[in-house]
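> First, the structure itself, so that you have it in front of you.
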Amino acid sequence: MANMFVDRARIFVRAGKGGDGHVSFRRELYVPNGGPDGGDGGKGGDVIFVIDKGINTLMDFKNVRKYKATDGEEGGKRRCHGANGKDIVIKVPPGTVIKDFETGKVIIDMADREEPFVLLRGGRGGKGNQHYATSTMQAPRYAQPGQAAIEKTLVLELKMLADVGLVGFPSVGKSTLLSKVSNAKPKIADYHFTTLVPNLGVVGLGEGRSFVMADIPGIIEGASEGTGLGLDFLRHIERTRILLHIVDAASVEGRDPIEDIEAINEELSKYSEELVKRPTIIVANKLDVLPAEEREAVLKKLRDKYEPDTKVMAISAATGEGVKELLNAAFELLKDAPDEILEFNSEISLEEYTSRVEELPYTVEKGDEEGIFLVEGPRIEKMLGYTNLEDDKGFKFFQDFMVKNGIIDELKALGIQEGDEVRLYGWSFEYIE
């Protein structure tokens, strides 16, 4: 398929680590022991997302999946501050929703956000030994390490922003209509599932009047349960302001227009109650194939069932009959349709999500029974959340974590003996020296 439209992508992002502080001492002529002059480390780069209106697909993220800001540089001698790391700016199309890969929760809906969004902040630079001189210790050999980098795996989902969404079963003429009335050039062929990608086009009505129309790929029954590619398609209808529901009035393939409308409405309501309430025009297409005497009967049947609640209009996308009237009616309907873009609320506290594990609290204490020790708290919970303890590499990471975070030292201070049991949230380990 030449037109590769990609509306979902998984990427890895990492902010920069803070540069370490530097340990150095002044070396001056005639000064036997110069004081500490180690400089501070630079701050790591941030991970920033921005909307780029020139992109309409997540295709780029299929080719590049890792995005890393650079680390801050180490401080230098003579109080030299290390250079800050460079931010990484990730451009996404309007309508992109950023989710956490592990939980599937929404971090932020970029929609058509004007300002950049800083997802991960780079680590703070460590302080050089110039900061640690005291009256009793004039020559400190200690400098602070830079803050660790934060890394995350994300899912980007594109939920299109369009004024008018075309819905209907495959082969009812949605692509034909869009290609005739807009600057979009969808591929058109007469078989099911022709359109596997949403196509966007701008419809100009003259006198500065225009709107964006999206041809949403053919929905099939069961789409709301994820049958076929259903959910991918329904995702794009969520942000359209009005719907044009296109049916094959000529029943070219022996389909019943009313059954089709009911089937699609059923799918829309299962996916979201809001979708069914969206202002809609029912469009009876393929009039050119119907003999004149049958036209009225088909339209009467549709109008008797759906009007006055939902307007029914007749067109032939192939010959252009009735199309201008339809576009004007859609423009009028848009005037009264809600203007605000549907935005998805954040389901994650950014502060919690981006907190560095080493800054979270934990506790180490003796259990009620002899020889049992409990290690708990957010730092432990978070570490267990991303560590596979049943894997050798994961278990090695866990052991290093216990040492680096001072937990082993605290257990020793509490008098732990070889063979005692350490419990962490449902896991238990025998302590071995």
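Scheme for the structure tokens: letters A, B, ... for chains in order shown; per-chain residue numbers from 1; ligand numbers from 1 in order shown.
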Hey, what's within 10 Å of Pro116 in chain A if we count only C-alpha atoms and toss same-chain stuff fewer than 2 positions away? As a PyMOL selection string, please?
chain A and resi 48-51+89-91+110+113-114+118-119
> Using only C-alpha atoms for the distances, tell me which of A:Gly95, A:Gly104, A:Gly122, A:Pro291 is nearest to Glu238 in chain A.
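Closest candidate: A:Gly95.
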> Report the residues of range 379-420 of chain A whose backbone DSSP state falls under alpha helix (DSSP H), written as a VMD selection string.
chain A and resid 379 to 385 392 to 404 407 to 413
> Restricting it to N, CA, C and O atoms, dump the selection as an mmCIF file, in the first residue's frame.

```
data_model
loop_
_atom_site.group_PDB
_atom_site.id
_atom_site.type_symbol
_atom_site.label_atom_id
_atom_site.label_comp_id
_atom_site.auth_asym_id
_atom_site.auth_seq_id
_atom_site.Cartn_x
_atom_site.Cartn_y
_atom_site.Cartn_z
ATOM 1 N N ARG A 379 9.340 3.395 46.647
ATOM 2 C CA ARG A 379 10.556 3.144 45.867
ATOM 3 C C ARG A 379 10.649 1.651 45.519
ATOM 4 O O ARG A 379 11.000 1.282 44.408
ATOM 5 N N ILE A 380 10.299 0.815 46.482
ATOM 6 C CA ILE A 380 10.376 -0.631 46.288
ATOM 7 C C ILE A 380 9.292 -1.079 45.299
ATOM 8 O O ILE A 380 9.540 -1.852 44.371
ATOM 9 N N GLU A 381 8.081 -0.525 45.501
ATOM 10 C CA GLU A 381 6.946 -0.902 44.648
ATOM 11 C C GLU A 381 7.242 -0.560 43.194
ATOM 12 O O GLU A 381 6.991 -1.343 42.286
ATOM 13 N N LYS A 382 7.799 0.631 42.992
ATOM 14 C CA LYS A 382 8.075 1.082 41.628
ATOM 15 C C LYS A 382 9.144 0.194 40.982
ATOM 16 O O LYS A 382 9.027 -0.206 39.830
ATOM 17 N N MET A 383 10.200 -0.128 41.758
ATOM 18 C CA MET A 383 11.266 -0.978 41.227
ATOM 19 C C MET A 383 10.707 -2.357 40.846
ATOM 20 O O MET A 383 10.995 -2.885 39.774
ATOM 21 N N LEU A 384 9.865 -2.925 41.703
ATOM 22 C CA LEU A 384 9.304 -4.248 41.411
ATOM 23 C C LEU A 384 8.403 -4.197 40.172
ATOM 24 O O LEU A 384 8.289 -5.165 39.434
ATOM 25 N N GLY A 385 7.782 -3.024 39.963
ATOM 26 C CA GLY A 385 6.874 -2.860 38.824
ATOM 27 C C GLY A 385 7.570 -3.008 37.485
ATOM 28 O O GLY A 385 6.960 -3.403 36.499
ATOM 29 N N ASP A 392 17.270 -13.872 35.049
ATOM 30 C CA ASP A 392 18.598 -13.691 35.667
ATOM 31 C C ASP A 392 19.039 -12.228 35.663
ATOM 32 O O ASP A 392 19.543 -11.702 36.643
ATOM 33 N N LYS A 393 18.825 -11.583 34.507
ATOM 34 C CA LYS A 393 19.241 -10.183 34.373
ATOM 35 C C LYS A 393 18.450 -9.299 35.343
ATOM 36 O O LYS A 393 18.992 -8.432 36.020
ATOM 37 N N GLY A 394 17.131 -9.593 35.416
ATOM 38 C CA GLY A 394 16.246 -8.833 36.312
ATOM 39 C C GLY A 394 16.649 -9.035 37.766
ATOM 40 O O GLY A 394 16.665 -8.087 38.566
ATOM 41 N N PHE A 395 17.011 -10.273 38.111
ATOM 42 C CA PHE A 395 17.361 -10.566 39.505
ATOM 43 C C PHE A 395 18.676 -9.872 39.880
ATOM 44 O O PHE A 395 18.827 -9.346 40.978
ATOM 45 N N LYS A 396 19.602 -9.836 38.919
ATOM 46 C CA LYS A 396 20.886 -9.147 39.158
ATOM 47 C C LYS A 396 20.620 -7.655 39.385
ATOM 48 O O LYS A 396 21.190 -7.029 40.281
ATOM 49 N N PHE A 397 19.710 -7.077 38.569
ATOM 50 C CA PHE A 397 19.342 -5.661 38.725
ATOM 51 C C PHE A 397 18.773 -5.435 40.127
ATOM 52 O O PHE A 397 19.101 -4.467 40.817
ATOM 53 N N PHE A 398 17.912 -6.358 40.575
ATOM 54 C CA PHE A 398 17.279 -6.258 41.897
ATOM 55 C C PHE A 398 18.347 -6.270 42.999
ATOM 56 O O PHE A 398 18.328 -5.464 43.928
ATOM 57 N N GLN A 399 19.327 -7.184 42.886
ATOM 58 C CA GLN A 399 20.381 -7.266 43.900
ATOM 59 C C GLN A 399 21.197 -5.965 43.951
ATOM 60 O O GLN A 399 21.477 -5.434 45.022
ATOM 61 N N ASP A 400 21.544 -5.465 42.755
ATOM 62 C CA ASP A 400 22.305 -4.203 42.699
ATOM 63 C C ASP A 400 21.500 -3.060 43.315
ATOM 64 O O ASP A 400 22.045 -2.200 44.011
ATOM 65 N N PHE A 401 20.197 -3.039 43.022
ATOM 66 C CA PHE A 401 19.293 -1.998 43.544
ATOM 67 C C PHE A 401 19.326 -2.008 45.072
ATOM 68 O O PHE A 401 19.404 -0.957 45.720
ATOM 69 N N MET A 402 19.281 -3.217 45.675
ATOM 70 C CA MET A 402 19.262 -3.344 47.140
ATOM 71 C C MET A 402 20.564 -2.828 47.748
ATOM 72 O O MET A 402 20.566 -2.216 48.806
ATOM 73 N N VAL A 403 21.669 -3.047 47.038
ATOM 74 C CA VAL A 403 22.970 -2.580 47.547
ATOM 75 C C VAL A 403 23.081 -1.064 47.349
ATOM 76 O O VAL A 403 23.355 -0.309 48.282
ATOM 77 N N LYS A 404 22.854 -0.601 46.101
ATOM 78 C CA LYS A 404 23.027 0.820 45.771
ATOM 79 C C LYS A 404 22.152 1.736 46.610
ATOM 80 O O LYS A 404 22.520 2.853 46.927
ATOM 81 N N ILE A 407 19.857 -0.465 51.128
ATOM 82 C CA ILE A 407 18.889 -1.299 51.842
ATOM 83 C C ILE A 407 19.604 -2.449 52.565
ATOM 84 O O ILE A 407 19.280 -2.789 53.704
ATOM 85 N N ILE A 408 20.613 -3.025 51.920
ATOM 86 C CA ILE A 408 21.376 -4.109 52.552
ATOM 87 C C ILE A 408 22.043 -3.587 53.829
ATOM 88 O O ILE A 408 22.024 -4.244 54.880
ATOM 89 N N ASP A 409 22.626 -2.375 53.760
ATOM 90 C CA ASP A 409 23.273 -1.797 54.950
ATOM 91 C C ASP A 409 22.263 -1.626 56.085
ATOM 92 O O ASP A 409 22.568 -1.871 57.252
ATOM 93 N N GLU A 410 21.049 -1.186 55.720
ATOM 94 C CA GLU A 410 20.030 -0.983 56.767
ATOM 95 C C GLU A 410 19.606 -2.321 57.380
ATOM 96 O O GLU A 410 19.349 -2.417 58.581
ATOM 97 N N LEU A 411 19.519 -3.363 56.549
ATOM 98 C CA LEU A 411 19.171 -4.693 57.079
ATOM 99 C C LEU A 411 20.259 -5.177 58.042
ATOM 100 O O LEU A 411 19.971 -5.731 59.110
ATOM 101 N N LYS A 412 21.516 -4.927 57.659
ATOM 102 C CA LYS A 412 22.623 -5.330 58.536
ATOM 103 C C LYS A 412 22.550 -4.575 59.863
ATOM 104 O O LYS A 412 22.785 -5.139 60.931
ATOM 105 N N ALA A 413 22.228 -3.280 59.765
ATOM 106 C CA ALA A 413 22.143 -2.461 60.988
ATOM 107 C C ALA A 413 21.039 -2.983 61.917
ATOM 108 O O ALA A 413 21.130 -2.852 63.140
#
```
> Go through A:Pro36, A:Gly146, A:Leu287, A:Leu334 and flag the residue nearest Val212 in chain A, using only C-alpha atoms for the distances.
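Closest to Val212 in chain A, using only C-alpha atoms: A:Leu334.
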> From range 201-388 of chain A, collect each residue whose DSSP state is strand (DSSP E) and return the set as JSON, numbers by chain.
{"A": [201, 202, 203, 204, 205, 206, 209, 210, 211, 212, 213, 214, 215, 242, 243, 244, 245, 246, 247, 248, 280, 281, 282, 283, 284, 285, 311, 312, 313, 314, 363, 364, 365, 366, 372, 373, 374, 375, 376]}
> Could you please take those selected residues and save N, CA, C and O atoms as a short mmCIF file (atom, residue, chain, number, x, y, z; two decimals), in the first residue's frame?

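Listed below is the output, result.cif:
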```cif
data_model
loop_
_atom_site.label_atom_id
_atom_site.label_comp_id
_atom_site.auth_asym_id
_atom_site.auth_seq_id
_atom_site.Cartn_x
_atom_site.Cartn_y
_atom_site.Cartn_z
N GLY A 201 -9.38 15.48 3.63
CA GLY A 201 -9.38 16.43 2.52
C GLY A 201 -10.03 17.73 2.95
O GLY A 201 -10.90 17.74 3.82
N VAL A 202 -9.60 18.83 2.35
CA VAL A 202 -10.23 20.12 2.65
C VAL A 202 -11.27 20.40 1.57
O VAL A 202 -10.98 20.34 0.38
N VAL A 203 -12.50 20.67 2.01
CA VAL A 203 -13.60 20.96 1.08
C VAL A 203 -13.79 22.47 1.04
O VAL A 203 -14.08 23.08 2.07
N GLY A 204 -13.59 23.07 -0.15
CA GLY A 204 -13.77 24.52 -0.27
C GLY A 204 -15.12 24.82 -0.91
O GLY A 204 -15.47 24.26 -1.95
N LEU A 205 -15.89 25.72 -0.26
CA LEU A 205 -17.22 26.06 -0.81
C LEU A 205 -17.23 27.47 -1.39
O LEU A 205 -18.29 28.01 -1.68
N GLY A 206 -16.04 28.08 -1.51
CA GLY A 206 -16.00 29.45 -2.04
C GLY A 206 -16.33 30.44 -0.93
O GLY A 206 -16.80 30.07 0.15
N ARG A 209 -15.39 29.84 2.70
CA ARG A 209 -16.02 28.78 3.50
C ARG A 209 -15.37 27.45 3.17
O ARG A 209 -15.30 27.06 2.00
N SER A 210 -14.89 26.77 4.20
CA SER A 210 -14.29 25.45 3.96
C SER A 210 -14.38 24.61 5.23
O SER A 210 -14.61 25.14 6.32
N PHE A 211 -14.20 23.30 5.08
CA PHE A 211 -14.11 22.44 6.25
C PHE A 211 -13.27 21.22 5.91
O PHE A 211 -13.01 20.93 4.74
N VAL A 212 -12.81 20.52 6.96
CA VAL A 212 -11.98 19.33 6.75
C VAL A 212 -12.88 18.10 6.82
O VAL A 212 -13.66 17.93 7.76
N MET A 213 -12.76 17.26 5.80
CA MET A 213 -13.59 16.05 5.74
C MET A 213 -12.68 14.83 5.82
O MET A 213 -11.61 14.81 5.22
N ALA A 214 -13.10 13.83 6.61
CA ALA A 214 -12.31 12.60 6.73
C ALA A 214 -13.15 11.42 6.29
O ALA A 214 -14.29 11.26 6.72
N ASP A 215 -12.55 10.62 5.40
CA ASP A 215 -13.20 9.38 4.99
C ASP A 215 -12.73 8.32 5.97
O ASP A 215 -11.57 7.94 5.98
N ILE A 242 -19.28 16.46 12.99
CA ILE A 242 -20.55 15.92 12.47
C ILE A 242 -20.26 14.70 11.60
O ILE A 242 -19.13 14.52 11.14
N LEU A 243 -21.27 13.87 11.39
CA LEU A 243 -21.08 12.67 10.58
C LEU A 243 -21.98 12.70 9.34
O LEU A 243 -23.14 13.15 9.42
N LEU A 244 -21.44 12.26 8.22
CA LEU A 244 -22.28 12.01 7.04
C LEU A 244 -22.32 10.49 6.92
O LEU A 244 -21.29 9.84 6.70
N HIS A 245 -23.51 9.95 7.09
CA HIS A 245 -23.67 8.50 7.10
C HIS A 245 -24.10 8.07 5.70
O HIS A 245 -25.22 8.33 5.27
N ILE A 246 -23.17 7.47 4.95
CA ILE A 246 -23.43 7.19 3.54
C ILE A 246 -23.93 5.76 3.34
O ILE A 246 -23.36 4.82 3.88
N VAL A 247 -25.04 5.63 2.60
CA VAL A 247 -25.56 4.29 2.30
C VAL A 247 -25.73 4.12 0.80
O VAL A 247 -25.88 5.10 0.06
N ASP A 248 -25.69 2.88 0.38
CA ASP A 248 -25.88 2.54 -1.03
C ASP A 248 -27.38 2.42 -1.27
O ASP A 248 -27.99 1.39 -1.02
N THR A 280 -25.88 14.38 12.49
CA THR A 280 -25.67 13.47 11.35
C THR A 280 -26.59 13.81 10.19
O THR A 280 -27.72 14.24 10.39
N ILE A 281 -26.08 13.59 8.97
CA ILE A 281 -26.95 13.61 7.77
C ILE A 281 -26.84 12.23 7.15
O ILE A 281 -25.73 11.70 6.98
N ILE A 282 -27.99 11.63 6.83
CA ILE A 282 -27.96 10.35 6.11
C ILE A 282 -27.90 10.66 4.62
O ILE A 282 -28.71 11.45 4.10
N VAL A 283 -26.92 10.08 3.95
CA VAL A 283 -26.69 10.39 2.53
C VAL A 283 -26.98 9.14 1.70
O VAL A 283 -26.25 8.14 1.77
N ALA A 284 -28.03 9.21 0.92
CA ALA A 284 -28.38 8.08 0.03
C ALA A 284 -27.61 8.25 -1.27
O ALA A 284 -27.91 9.15 -2.07
N ASN A 285 -26.61 7.41 -1.47
CA ASN A 285 -25.71 7.55 -2.62
C ASN A 285 -26.10 6.57 -3.74
O ASN A 285 -26.94 5.69 -3.57
N LYS A 311 -31.69 14.40 9.01
CA LYS A 311 -31.96 14.79 7.62
C LYS A 311 -31.48 13.70 6.66
O LYS A 311 -30.40 13.13 6.85
N VAL A 312 -32.27 13.40 5.64
CA VAL A 312 -31.87 12.43 4.61
C VAL A 312 -31.68 13.19 3.30
O VAL A 312 -32.56 13.95 2.89
N MET A 313 -30.52 13.02 2.64
CA MET A 313 -30.27 13.69 1.37
C MET A 313 -29.84 12.67 0.34
O MET A 313 -29.21 11.66 0.67
N ALA A 314 -30.19 12.94 -0.92
CA ALA A 314 -29.87 11.99 -1.99
C ALA A 314 -28.79 12.58 -2.89
O ALA A 314 -28.84 13.76 -3.24
N THR A 363 10.86 1.91 53.53
CA THR A 363 11.12 1.59 54.94
C THR A 363 11.73 0.19 55.03
O THR A 363 11.42 -0.69 54.21
N VAL A 364 12.61 0.01 56.02
CA VAL A 364 13.19 -1.31 56.30
C VAL A 364 12.94 -1.57 57.78
O VAL A 364 13.37 -0.77 58.63
N GLU A 365 12.21 -2.63 58.11
CA GLU A 365 11.95 -2.89 59.54
C GLU A 365 11.85 -4.38 59.82
O GLU A 365 11.68 -5.19 58.90
N LYS A 366 11.93 -4.71 61.12
CA LYS A 366 11.79 -6.11 61.53
C LYS A 366 10.32 -6.47 61.51
O LYS A 366 9.46 -5.66 61.86
N ILE A 372 12.34 -12.35 60.42
CA ILE A 372 11.61 -11.82 59.24
C ILE A 372 11.87 -10.31 59.17
O ILE A 372 11.74 -9.60 60.18
N PHE A 373 12.22 -9.83 57.96
CA PHE A 373 12.45 -8.39 57.77
C PHE A 373 11.58 -7.91 56.61
O PHE A 373 11.43 -8.61 55.61
N LEU A 374 11.00 -6.71 56.77
CA LEU A 374 10.08 -6.17 55.75
C LEU A 374 10.70 -4.95 55.08
O LEU A 374 11.19 -4.03 55.75
N VAL A 375 10.68 -4.95 53.75
CA VAL A 375 11.16 -3.80 52.98
C VAL A 375 9.99 -3.31 52.13
O VAL A 375 9.48 -4.05 51.28
N GLU A 376 9.54 -2.07 52.37
CA GLU A 376 8.34 -1.58 51.68
C GLU A 376 8.48 -0.11 51.29
O GLU A 376 9.50 0.51 51.60
#
```
> To one decimal place, how far is CA of Gly18 in chain A from CA of Arg78 in chain A in Å?
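Separating CA of Gly18 in chain A from CA of Arg78 in chain A is a distance of 19.4 Å.
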> Counting only C-alpha atoms, which of A:Lys152, A:His81, A:Lys53, A:Lys68 gets nearest to Gly125 in chain A?
A:His81
